[in-house]
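*Asks:* For reference, this is query-v4.txt, and it has compact mmCIF, C-alpha atoms and all ligand atoms.
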```
# COMPACT_ATOMS: atom_id res chain seq x y z
CA THR A 1 0.00 0.00 0.00
CA ILE A 2 0.94 3.65 -0.44
CA PRO A 3 1.14 5.52 2.90
CA VAL A 4 -0.23 9.05 2.48
CA ILE A 5 -1.03 12.14 4.49
CA LEU A 6 -3.79 14.28 2.98
CA ASP A 7 -3.77 18.05 3.36
CA VAL A 8 -7.25 19.40 2.65
CA ASP A 9 -9.61 22.39 2.72
CA THR A 10 -12.82 20.34 2.55
CA GLY A 11 -14.43 21.56 0.19
CA VAL A 12 -16.75 19.72 -2.22
CA ASP A 13 -14.02 18.01 -4.22
CA ASP A 14 -11.72 17.47 -1.21
CA ALA A 15 -14.65 15.46 0.18
CA LEU A 16 -14.69 13.35 -3.00
CA ALA A 17 -10.93 12.86 -2.64
CA ILE A 18 -11.21 11.72 0.99
CA LEU A 19 -14.00 9.26 0.16
CA PHE A 20 -11.89 7.80 -2.67
CA ALA A 21 -8.66 7.63 -0.64
CA VAL A 22 -10.31 5.86 2.29
CA ALA A 23 -12.07 3.39 -0.03
CA HIS A 24 -9.06 2.45 -2.17
CA PRO A 25 -7.33 -0.72 -0.92
CA GLU A 26 -3.87 0.42 -2.10
CA ILE A 27 -3.99 3.72 -0.20
CA ASP A 28 -3.24 3.93 3.52
CA VAL A 29 -4.39 7.30 4.88
CA LEU A 30 -2.17 7.89 7.93
CA GLY A 31 -3.67 11.26 8.80
CA ILE A 32 -5.44 14.33 7.49
CA SER A 33 -4.19 17.90 7.90
CA CYS A 34 -6.66 20.77 7.51
CA VAL A 35 -6.07 24.31 6.26
CA ALA A 36 -8.25 27.33 5.59
CA GLY A 37 -8.98 27.71 1.89
CA ASN A 38 -12.36 26.84 0.41
CA ALA A 39 -13.90 27.56 3.81
CA SER A 40 -12.76 28.68 7.26
CA LEU A 41 -10.50 26.34 9.23
CA GLU A 42 -13.31 25.38 11.64
CA ARG A 43 -15.63 24.44 8.76
CA VAL A 44 -12.87 22.51 7.02
CA VAL A 45 -12.15 20.43 10.14
CA GLU A 46 -15.83 19.74 10.81
CA ASN A 47 -16.53 18.85 7.16
CA THR A 48 -13.55 16.50 7.14
CA LEU A 49 -14.72 14.68 10.28
CA ARG A 50 -18.24 14.32 8.88
CA ILE A 51 -16.99 12.97 5.55
CA LEU A 52 -14.92 10.36 7.42
CA ASP A 53 -18.20 9.24 9.02
CA VAL A 54 -19.82 8.90 5.59
CA ALA A 55 -16.80 6.88 4.46
CA GLY A 56 -17.10 4.61 7.50
CA ALA A 57 -13.39 5.29 7.96
CA PRO A 58 -11.33 3.89 10.81
CA ASP A 59 -9.95 6.27 13.42
CA ILE A 60 -7.76 8.44 11.17
CA PRO A 61 -6.18 11.41 13.01
CA VAL A 62 -7.36 14.80 11.75
CA ALA A 63 -5.57 18.01 12.79
CA ALA A 64 -6.29 21.70 12.37
CA GLY A 65 -3.53 23.73 10.77
CA ALA A 66 -3.15 27.22 9.38
CA ARG A 67 -6.04 29.66 9.65
CA ARG A 68 -4.68 31.92 6.94
CA PRO A 69 -1.93 32.05 4.31
CA LEU A 70 1.67 32.91 5.28
CA ILE A 71 1.31 36.53 4.27
CA GLU A 72 -2.18 37.41 3.10
CA ARG A 73 -5.60 37.24 4.67
CA ALA A 74 -7.82 34.19 4.08
CA ARG A 75 -10.19 34.55 1.12
CA ASP A 76 -13.12 32.21 0.85
CA ALA A 77 -14.52 30.40 -2.15
CA SER A 78 -18.17 30.10 -1.16
CA HIS A 79 -19.31 30.78 -4.74
CA VAL A 80 -17.78 27.38 -5.59
CA HIS A 81 -18.24 25.38 -2.39
CA GLY A 82 -21.29 26.99 -0.73
CA GLU A 83 -21.36 28.76 2.62
CA GLY A 84 -20.56 25.61 4.63
CA GLY A 85 -17.99 24.32 2.14
CA LEU A 86 -19.88 21.21 0.99
CA GLY A 87 -22.34 22.77 -1.45
CA THR A 88 -25.93 21.87 -0.58
CA LEU A 89 -24.89 18.71 1.28
CA ARG A 90 -25.94 18.66 4.94
CA LEU A 91 -24.39 16.01 7.20
CA PRO A 92 -25.01 15.30 10.87
CA PRO A 93 -22.32 16.40 13.36
CA SER A 94 -19.57 13.86 13.92
CA GLU A 95 -18.62 12.08 17.14
CA ARG A 96 -15.02 12.28 15.97
CA THR A 97 -12.80 15.10 17.18
CA ALA A 98 -9.62 16.61 15.85
CA VAL A 99 -6.39 15.66 17.62
CA PRO A 100 -5.18 18.30 20.11
CA ILE A 101 -2.00 19.09 18.15
CA SER A 102 -1.45 21.26 15.09
CA SER A 103 -1.23 19.95 11.53
CA VAL A 104 2.51 20.54 11.48
CA GLU A 105 3.00 18.45 14.64
CA LEU A 106 0.69 15.71 13.37
CA MET A 107 2.44 15.49 9.99
CA HIS A 108 5.84 15.56 11.66
CA SER A 109 5.05 12.74 14.08
CA LEU A 110 3.39 10.58 11.40
CA LEU A 111 6.40 11.03 9.10
CA ARG A 112 8.91 10.42 11.90
CA ASP A 113 7.17 7.23 13.02
CA SER A 114 6.47 5.76 9.60
CA PRO A 115 8.76 2.87 8.66
CA HIS A 116 8.38 3.84 4.98
CA PRO A 117 8.61 7.19 3.19
CA VAL A 118 5.20 8.85 2.99
CA THR A 119 3.52 10.65 0.09
CA LEU A 120 2.09 14.05 1.01
CA VAL A 121 -1.03 14.81 -1.00
CA ALA A 122 -1.89 18.51 -0.91
CA LEU A 123 -5.39 19.37 -2.14
CA ALA A 124 -5.47 22.88 -0.74
CA PRO A 125 -3.33 25.99 -0.26
CA GLN A 126 0.08 24.68 0.81
CA THR A 127 0.49 26.73 3.99
CA ASN A 128 0.72 23.70 6.32
CA LEU A 129 3.29 22.00 4.10
CA ALA A 130 5.44 25.11 3.91
CA LEU A 131 5.38 25.48 7.70
CA LEU A 132 6.30 21.80 8.14
CA LEU A 133 9.23 22.06 5.70
CA ARG A 134 10.53 25.22 7.35
CA GLN A 135 10.15 23.98 10.92
CA TYR A 136 11.45 20.44 10.35
CA PRO A 137 13.78 20.59 7.31
CA ASP A 138 15.30 17.16 8.06
CA ILE A 139 11.93 15.47 7.71
CA ILE A 140 12.22 15.61 3.92
CA ASN A 141 14.10 12.30 4.17
CA LYS A 142 10.81 10.70 5.20
CA ILE A 143 8.76 12.24 2.37
CA GLU A 144 8.50 10.07 -0.75
CA ARG A 145 7.12 12.96 -2.80
CA ILE A 146 4.59 15.75 -2.70
CA VAL A 147 1.62 15.38 -5.02
CA PHE A 148 -0.31 18.61 -5.17
CA MET A 149 -3.51 19.74 -6.78
CA GLY A 150 -2.65 23.24 -7.79
CA GLY A 151 -1.26 25.43 -10.49
CA SER A 152 -1.68 25.23 -14.21
CA ALA A 153 0.46 25.16 -17.31
CA SER A 154 -2.23 27.12 -19.13
CA VAL A 155 -5.38 28.82 -17.85
CA GLY A 156 -6.14 29.93 -14.27
CA ASN A 157 -9.35 30.01 -12.26
CA ALA A 158 -8.85 32.42 -9.34
CA THR A 159 -7.39 34.86 -11.85
CA ALA A 160 -6.86 34.52 -15.59
CA VAL A 161 -3.48 32.91 -14.92
CA ALA A 162 -3.51 31.64 -11.31
CA GLU A 163 -5.13 28.52 -9.87
CA PHE A 164 -6.89 28.94 -6.50
CA ASN A 165 -4.67 26.80 -4.23
CA VAL A 166 -1.42 28.40 -5.40
CA TRP A 167 -2.99 31.87 -5.65
CA HIS A 168 -4.30 31.60 -2.08
CA ASP A 169 -0.76 31.15 -0.71
CA PRO A 170 1.86 31.68 -3.42
CA GLU A 171 4.82 31.87 -1.00
CA ALA A 172 3.84 28.51 0.47
CA ALA A 173 3.73 26.91 -2.98
CA ALA A 174 7.13 28.42 -3.80
CA ILE A 175 8.60 26.96 -0.58
CA VAL A 176 7.21 23.51 -1.44
CA LEU A 177 8.58 23.57 -5.00
CA ASP A 178 11.97 24.68 -3.69
CA SER A 179 12.13 22.10 -0.87
CA GLY A 180 14.16 19.45 -2.64
CA VAL A 181 11.33 16.93 -2.34
CA PRO A 182 10.17 15.53 -5.70
CA THR A 183 6.91 17.27 -6.61
CA PHE A 184 4.05 16.22 -8.87
CA MET A 185 1.74 18.97 -10.07
CA TYR A 186 -1.85 17.94 -10.77
CA GLY A 187 -2.99 21.28 -12.13
CA LEU A 188 -5.99 22.72 -13.91
CA ASP A 189 -4.80 21.27 -17.23
CA VAL A 190 -6.06 17.89 -16.01
CA PHE A 191 -8.28 18.94 -13.08
CA ASN A 192 -10.67 20.71 -15.47
CA GLN A 193 -11.13 17.62 -17.60
CA VAL A 194 -12.14 14.80 -15.29
CA ALA A 195 -15.92 14.99 -14.94
CA VAL A 196 -18.84 12.62 -14.48
CA ASP A 197 -21.72 13.32 -16.86
CA GLU A 198 -24.86 14.89 -15.44
CA ALA A 199 -27.18 11.92 -15.96
CA ALA A 200 -24.85 9.52 -14.12
CA ALA A 201 -24.23 11.97 -11.28
CA SER A 202 -27.95 12.75 -10.87
CA ALA A 203 -28.76 9.04 -10.76
CA LEU A 204 -26.49 8.71 -7.72
CA LEU A 205 -28.77 11.03 -5.75
CA SER A 206 -31.11 8.07 -5.19
CA HIS A 207 -28.37 5.44 -4.79
CA ASP A 208 -28.98 2.83 -2.11
CA THR A 209 -25.76 3.63 -0.19
CA LEU A 210 -24.96 6.74 1.84
CA VAL A 211 -21.62 7.03 0.01
CA GLY A 212 -23.45 6.93 -3.33
CA ARG A 213 -25.96 9.61 -2.37
CA THR A 214 -23.20 11.78 -0.89
CA VAL A 215 -21.09 11.52 -4.05
CA GLY A 216 -24.24 12.34 -6.06
CA SER A 217 -24.83 15.48 -4.02
CA LEU A 218 -21.17 16.59 -4.25
CA LEU A 219 -20.96 15.99 -8.01
CA THR A 220 -24.19 17.81 -8.78
CA ASN A 221 -23.21 20.83 -6.69
CA ARG A 222 -23.68 23.75 -9.05
CA ILE A 223 -20.89 26.27 -9.21
CA SER A 224 -20.62 29.81 -10.48
CA ALA A 225 -17.72 31.56 -12.11
CA GLY A 226 -17.69 34.20 -9.37
CA ALA A 227 -19.81 35.75 -6.65
CA GLY A 228 -23.20 36.60 -8.16
CA ALA A 229 -22.59 34.86 -11.50
CA GLU A 230 -24.98 32.23 -12.91
CA THR A 231 -24.50 28.64 -11.73
CA HIS A 232 -23.80 25.64 -13.93
CA TYR A 233 -23.21 21.87 -13.70
CA SER A 234 -19.54 20.83 -13.78
CA GLY A 235 -19.46 17.22 -12.53
CA LEU A 236 -15.73 17.55 -11.88
CA ILE A 237 -14.21 15.03 -9.48
CA GLY A 238 -11.58 17.73 -8.90
CA ASP A 239 -9.12 17.02 -6.09
CA ALA A 240 -10.09 13.34 -6.21
CA GLY A 241 -8.29 13.13 -9.56
CA ALA A 242 -4.96 13.86 -7.83
CA VAL A 243 -5.54 10.90 -5.51
CA CYS A 244 -6.50 8.70 -8.47
CA ALA A 245 -3.11 9.60 -9.96
CA LEU A 246 -1.41 7.82 -7.03
CA VAL A 247 -2.86 4.45 -7.96
CA ASP A 248 -3.14 4.81 -11.75
CA PRO A 249 -0.31 7.08 -12.92
CA GLY A 250 -0.61 5.59 -16.40
CA ALA A 251 -3.89 7.46 -16.92
CA LEU A 252 -1.91 10.70 -17.14
CA ARG A 253 0.58 12.14 -19.58
CA THR A 254 3.23 13.90 -17.55
CA GLU A 255 6.50 15.69 -18.27
CA LEU A 256 9.35 16.84 -16.05
CA ARG A 257 9.40 20.59 -16.62
CA PRO A 258 10.93 23.75 -15.18
CA VAL A 259 8.31 25.56 -13.11
CA ARG A 260 8.17 28.65 -10.91
CA VAL A 261 5.56 30.49 -8.88
CA GLU A 262 5.07 34.13 -9.78
CA LEU A 263 4.88 36.30 -6.65
CA ALA A 264 4.33 39.81 -7.96
CA GLY A 265 1.83 41.81 -9.95
CA TYR A 266 -1.22 40.43 -11.72
CA GLY A 267 0.66 37.16 -12.27
CA ARG A 268 0.87 36.55 -8.49
CA GLY A 269 0.03 32.90 -7.85
CA GLN A 270 0.62 31.78 -11.43
CA THR A 271 2.69 28.65 -11.93
CA LEU A 272 4.81 29.41 -14.93
CA VAL A 273 5.77 26.18 -16.72
CA ASP A 274 8.59 26.27 -19.25
CA MET A 275 7.22 24.35 -22.24
CA ARG A 276 10.14 25.18 -24.54
CA SER A 277 11.76 22.21 -26.23
CA HIS A 278 15.23 23.61 -25.44
CA PRO A 279 16.45 25.62 -22.43
CA GLY A 280 16.60 28.89 -24.36
CA GLU A 281 18.72 31.86 -23.44
CA ASP A 282 17.91 32.04 -19.71
CA ALA A 283 21.51 31.36 -18.69
CA MET A 284 22.79 34.18 -20.93
CA HIS A 285 20.41 36.56 -19.17
CA GLY A 286 21.28 35.30 -15.68
CA LEU A 287 17.86 33.69 -15.32
CA ALA A 288 18.78 29.99 -15.23
CA ASP A 289 18.34 29.53 -11.49
CA VAL A 290 14.86 31.02 -11.17
CA TRP A 291 13.35 27.62 -12.03
CA GLU A 292 12.54 24.52 -10.00
CA THR A 293 11.66 21.21 -11.63
CA ALA A 294 8.43 19.29 -11.17
CA GLU A 295 6.55 16.47 -12.84
CA ILE A 296 3.62 18.20 -14.50
CA ALA A 297 0.41 16.42 -15.49
CA LEU A 298 -0.50 17.71 -18.94
CA ASP A 299 -3.24 15.38 -20.14
CA VAL A 300 -5.50 12.67 -18.79
CA ASP A 301 -7.61 9.74 -19.93
CA VAL A 302 -10.92 10.98 -18.55
CA GLU A 303 -12.90 7.79 -18.99
CA ARG A 304 -10.22 5.70 -17.29
CA VAL A 305 -10.08 7.99 -14.26
CA THR A 306 -13.85 8.40 -13.81
CA LYS A 307 -14.17 4.60 -14.01
CA LEU A 308 -11.48 4.18 -11.36
CA PHE A 309 -13.14 6.78 -9.14
CA LEU A 310 -16.70 5.46 -9.38
CA GLY A 311 -15.61 1.80 -9.40
CA THR A 312 -13.56 2.16 -6.21
CA LEU A 313 -16.60 3.64 -4.45
CA GLY A 314 -18.82 0.81 -5.72
CA LEU A 315 -20.75 3.21 -7.94
CA ALA A 316 -19.81 2.09 -11.47
C1 LIG A 401 -8.81 23.86 -6.11
O1 LIG A 401 -9.38 24.89 -5.31
C2 LIG A 401 -10.50 24.39 -4.61
O2 LIG A 401 -11.64 25.11 -5.00
C3 LIG A 401 -10.66 22.94 -4.97
O3 LIG A 401 -10.97 22.19 -3.80
C4 LIG A 401 -9.33 22.56 -5.55
O4 LIG A 401 -8.45 22.10 -4.57
C5 LIG A 401 -9.10 24.12 -7.57
O5 LIG A 401 -8.54 25.33 -7.98
CA CA A 402 -9.26 21.63 -2.29
```
Show me the file's structure as structure tokens.
Ligand code: BDR
Ligand code: CA

*Replies:*
Amino acid sequence: TIPVILDVDTGVDDALAILFAVAHPEIDVLGISCVAGNASLERVVENTLRILDVAGAPDIPVAAGARRPLIERARDASHVHGEGGLGTLRLPPSERTAVPISSVELMHSLLRDSPHPVTLVALAPQTNLALLLRQYPDIINKIERIVFMGGSASVGNATAVAEFNVWHDPEAAAIVLDSGVPTFMYGLDVFNQVAVDEAAASALLSHDTLVGRTVGSLLTNRISAGAGAETHYSGLIGDAGAVCALVDPGALRTELRPVRVELAGYGRGQTLVDMRSHPGEDAMHGLADVWETAEIALDVDVERVTKLFLGTLGLA
């Protein structure tokens, strides 16, 4: 099995990712770290605990982490995830409670005690990961790699060029990319593709399992392009696609590419990916060392991933 720690801002599609990760026999969820992003930290923690109930998950430790980005204020995304963070889904309060230590301490102790290197899966602004890497730099020896949903080699969503998770805390993303840990970027180039069609998602609303009905509600959550804008069906499995990539990497076309996070001006939060076929003249201009390297997901077999997602949850 693949030992993982999830870092989430649950969040409609973080919920789908947690349900998938807990259900997949090859994934061992050691713990879940929460961060403010799609909703406030309190909502994110509560939503995460409730989704673990729906999943019928064992006692997985959940910790509360950063309340806001390293530098900026927190900015919510209720036009995408609803006021409570889970769209129109209403779940009963959980008997579970968060552990009484911070995300950074939870991640550190899970990594330290794991006999095998652990994959960190970041589905949210990367504030907690950046704090962990700064506070415990030696722990990178215990991290297999960091798989993050975030960024884009093309279009943005929070701005024309920046994806929400990276835009929400650009300095944190820059720290993660610069950490020396191998990174895998599951960005909007693939995130925006993997969707379940409306008829199939709507049919799940009357599924005979709680997981099925919950997935139906999450997938049919209507989103708008911005506060006040009209809503539409998307059916995206979103963050869950990054978790699918752990168990079926062959469903993606990826390339190792130079990447950097823009920190200034309108481009703040953009992940700039160098798609040139040759290194160009950067070195001549003294710009060679402004790049990090990451494995970038550029394309995806949508049918294969939606089948994996629904099949794992017993919904195909
Ligand atoms: C990302 O931001 C959040 O809205 C989603 O949960 C996903 O992690 C997409 O930009
Ligand atoms: Ca998320």

*Asks:* To one decimal place in Å, what is the distance between atom CA of Ala74 of chain A and atom CA of Thr214 of chain A?

*Replies:*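 Separation between atom CA of Ala74 of chain A and atom CA of Thr214 of chain A: 27.6 Å.
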
*Asks:* Enumerate residues in contact with ligand CA 402 (chain A): an atom-to-atom distance of at most 6 Å, counting all atoms listed in the file. Format the result as a list in words.

*Replies:*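 Final answer, ordered by chain and number: Val8, Asp9, Gly11, Asp14, Leu123, Ala124 and Asp239 of chain A.
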
*Asks:* Please identify every polymer residue within 7 Å of ligand LIG 401 (chain A), using only C-alpha atoms and all ligand atoms, and present the set as a PyMOL selection string.

*Replies:* chain A and resi 9-14+38+77+80+123-124+149-150+157+163-165+188+238-239

*Asks:* So what do you get for atom CA of Glu72 of chain A versus atom CA of Val161 of chain A, distance-wise?

*Replies:*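 So the two atoms, atom CA of Glu72 of chain A and atom CA of Val161 of chain A, lie 18.6 Å apart.
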
*Asks:* For Leu219 of chain A, which residue among A:Asp301, A:Asp76, A:Asp197, A:Glu144 is the nearest when counting all atoms listed in the file?

*Replies:* A:Asp197

*Asks:* Around segment 113-127 of chain A, with edges along x, y and z and 3 Å added on all six sides, what centre and edge lengths do you get, in Å to one decimal, as lines of an AutoDock Vina configuration file?

*Replies:*
```
center_x = 1.6
center_y = 14.8
center_z = 5.4
size_x = 20.2
size_y = 29.9
size_z = 21.2
```

*Asks:* What is the atom CA of Leu16 of chain A-atom CA of Ala240 of chain A distance in Å, reported with one decimal?

*Replies:*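 We find that atom CA of Leu16 of chain A and atom CA of Ala240 of chain A lie 5.6 Å from each other.
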
*Asks:* Extract, using only C-alpha atoms, all DNA, RNA and protein residues at most 8 Å from Val54 of chain A, discarding same-chain residues fewer than 4 positions from it, and format them as a list in words.

*Replies:*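 The residues satisfying every condition are Leu19, Arg50, Leu210, Val211 and Thr214 of chain A.
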
*Asks:* In terms of the shortest atom-to-atom distance over all atoms listed in the file, which of A:Tyr233, A:Tyr136, A:Phe148, A:Tyr186 is closest to Leu120 of chain A?

*Replies:*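 Residue with the minimum atom-to-atom distance to Leu120 of chain A: A:Phe148.
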
*Asks:* Could you check which of A:Leu6, A:Leu298, A:Cys34, A:Met185 is closest to Phe20 of chain A, using only C-alpha atoms?

*Replies:* A:Leu6

*Asks:* Just want the 10 Å neighbourhood of Val99 of chain A, counted on all atoms listed in the file, with same-chain residues fewer than 4 positions away dropped. Output as a list in words.

*Replies:*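 So, after excluding close chain neighbours, the residues are Ile60, Pro61, Val62, Ala63, Ala64, Ser103 and Leu106 of chain A.
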
*Asks:* The selected residues should be written to file as a short mmCIF file (atom, residue, chain, number, x, y, z; two decimals), in the frame of the given file (atoms: C-alpha atoms).

*Replies:*
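Everything below was put into out-v7.cif:
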```cif
data_model
loop_
_atom_site.label_atom_id
_atom_site.label_comp_id
_atom_site.auth_asym_id
_atom_site.auth_seq_id
_atom_site.Cartn_x
_atom_site.Cartn_y
_atom_site.Cartn_z
CA ILE A 60 -7.76 8.44 11.17
CA PRO A 61 -6.18 11.41 13.01
CA VAL A 62 -7.36 14.80 11.75
CA ALA A 63 -5.57 18.01 12.79
CA ALA A 64 -6.29 21.70 12.37
CA SER A 103 -1.23 19.95 11.53
CA LEU A 106 0.69 15.71 13.37
#
```

*Asks:* Taking (10.0, 23.3, -14.8) in the file's own coordinates, collect the residues within 10 Å, counting all atoms listed in the file, and hand them back as number ranges by chain.

*Replies:* A: 177, 255-260, 271-276, 290-296

*Asks:* Contacts of Leu110 of chain A at 8 Å or less, counting only C-alpha atoms, minus same-chain residues fewer than 3 places along, as a list in words?

*Replies:*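 The contact residues come out as Leu30, Gly31, Leu106, Met107, Asp113 and Ser114 of chain A.
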
*Asks:* I'd like to know which of A:Asn192, A:Ser234, A:Gln270, A:Ser202 is closest to Pro170 of chain A, using all atoms listed in the file.

*Replies:* A:Gln270

*Asks:* Looking at only C-alpha atoms, which of A:Ser40, A:Ser154, A:Ser33, A:Asn141 is the one that sits closest to Ala98 of chain A?

*Replies:*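 Of A:Ser40, A:Ser154, A:Ser33, A:Asn141, the one nearest Ala98 of chain A is A:Ser33, counting only C-alpha atoms.
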
*Asks:* Which residue gives the smallest distance to Glu303 of chain A among A:Arg222, A:Leu111, A:His285, A:Gly241, with only C-alpha atoms counted?

*Replies:*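 Looking only at the distances to Glu303 of chain A, the closest residue turns out to be A:Gly241.
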
*Asks:* Rebuild segment 78-96 of chain A so that it carries N, CA and C atoms, then output the result as a PDB file, in the coordinates of the input.

*Replies:*
```pdb
ATOM      1  N   SER A  78     -16.812  30.612  -1.372  1.00  0.00           N
ATOM      2  CA  SER A  78     -18.170  30.100  -1.160  1.00  0.00           C
ATOM      3  C   SER A  78     -18.995  30.078  -2.448  1.00  0.00           C
ATOM      4  N   HIS A  79     -18.584  30.840  -3.468  1.00  0.00           N
ATOM      5  CA  HIS A  79     -19.310  30.780  -4.740  1.00  0.00           C
ATOM      6  C   HIS A  79     -19.078  29.431  -5.440  1.00  0.00           C
ATOM      7  N   VAL A  80     -18.041  28.713  -5.025  1.00  0.00           N
ATOM      8  CA  VAL A  80     -17.780  27.380  -5.590  1.00  0.00           C
ATOM      9  C   VAL A  80     -18.268  26.295  -4.634  1.00  0.00           C
ATOM     10  N   HIS A  81     -18.024  26.461  -3.345  1.00  0.00           N
ATOM     11  CA  HIS A  81     -18.240  25.380  -2.390  1.00  0.00           C
ATOM     12  C   HIS A  81     -19.417  25.613  -1.433  1.00  0.00           C
ATOM     13  N   GLY A  82     -20.166  26.700  -1.625  1.00  0.00           N
ATOM     14  CA  GLY A  82     -21.290  26.990  -0.730  1.00  0.00           C
ATOM     15  C   GLY A  82     -20.794  27.571   0.586  1.00  0.00           C
ATOM     16  N   GLU A  83     -21.735  28.094   1.363  1.00  0.00           N
ATOM     17  CA  GLU A  83     -21.360  28.760   2.620  1.00  0.00           C
ATOM     18  C   GLU A  83     -20.651  27.809   3.586  1.00  0.00           C
ATOM     19  N   GLY A  84     -21.143  26.564   3.684  1.00  0.00           N
ATOM     20  CA  GLY A  84     -20.560  25.610   4.630  1.00  0.00           C
ATOM     21  C   GLY A  84     -19.367  24.854   4.054  1.00  0.00           C
ATOM     22  N   GLY A  85     -19.133  24.991   2.762  1.00  0.00           N
ATOM     23  CA  GLY A  85     -17.990  24.320   2.140  1.00  0.00           C
ATOM     24  C   GLY A  85     -18.319  23.029   1.416  1.00  0.00           C
ATOM     25  N   LEU A  86     -19.547  22.484   1.648  1.00  0.00           N
ATOM     26  CA  LEU A  86     -19.880  21.210   0.990  1.00  0.00           C
ATOM     27  C   LEU A  86     -21.075  21.360   0.044  1.00  0.00           C
ATOM     28  N   GLY A  87     -21.224  22.544  -0.536  1.00  0.00           N
ATOM     29  CA  GLY A  87     -22.340  22.770  -1.450  1.00  0.00           C
ATOM     30  C   GLY A  87     -23.651  22.708  -0.691  1.00  0.00           C
ATOM     31  N   THR A  88     -24.618  21.966  -1.240  1.00  0.00           N
ATOM     32  CA  THR A  88     -25.930  21.870  -0.580  1.00  0.00           C
ATOM     33  C   THR A  88     -25.987  20.661   0.351  1.00  0.00           C
ATOM     34  N   LEU A  89     -24.910  19.906   0.435  1.00  0.00           N
ATOM     35  CA  LEU A  89     -24.890  18.710   1.280  1.00  0.00           C
ATOM     36  C   LEU A  89     -24.954  19.078   2.753  1.00  0.00           C
ATOM     37  N   ARG A  90     -25.866  18.459   3.489  1.00  0.00           N
ATOM     38  CA  ARG A  90     -25.940  18.660   4.940  1.00  0.00           C
ATOM     39  C   ARG A  90     -25.697  17.318   5.610  1.00  0.00           C
ATOM     40  N   LEU A  91     -24.723  17.263   6.511  1.00  0.00           N
ATOM     41  CA  LEU A  91     -24.390  16.010   7.200  1.00  0.00           C
ATOM     42  C   LEU A  91     -24.528  16.209   8.700  1.00  0.00           C
ATOM     43  N   PRO A  92     -24.907  15.155   9.419  1.00  0.00           N
ATOM     44  CA  PRO A  92     -25.010  15.300  10.870  1.00  0.00           C
ATOM     45  C   PRO A  92     -23.648  15.510  11.513  1.00  0.00           C
ATOM     46  N   PRO A  93     -23.592  16.199  12.652  1.00  0.00           N
ATOM     47  CA  PRO A  93     -22.320  16.400  13.360  1.00  0.00           C
ATOM     48  C   PRO A  93     -21.653  15.068  13.645  1.00  0.00           C
ATOM     49  N   SER A  94     -20.334  15.089  13.713  1.00  0.00           N
ATOM     50  CA  SER A  94     -19.570  13.860  13.920  1.00  0.00           C
ATOM     51  C   SER A  94     -19.242  13.667  15.392  1.00  0.00           C
ATOM     52  N   GLU A  95     -19.107  12.410  15.780  1.00  0.00           N
ATOM     53  CA  GLU A  95     -18.620  12.080  17.140  1.00  0.00           C
ATOM     54  C   GLU A  95     -17.094  12.188  17.200  1.00  0.00           C
ATOM     55  N   ARG A  96     -16.483  12.194  16.024  1.00  0.00           N
ATOM     56  CA  ARG A  96     -15.020  12.280  15.970  1.00  0.00           C
ATOM     57  C   ARG A  96     -14.574  13.670  16.400  1.00  0.00           C
TER      58      ARG A  96
END
```
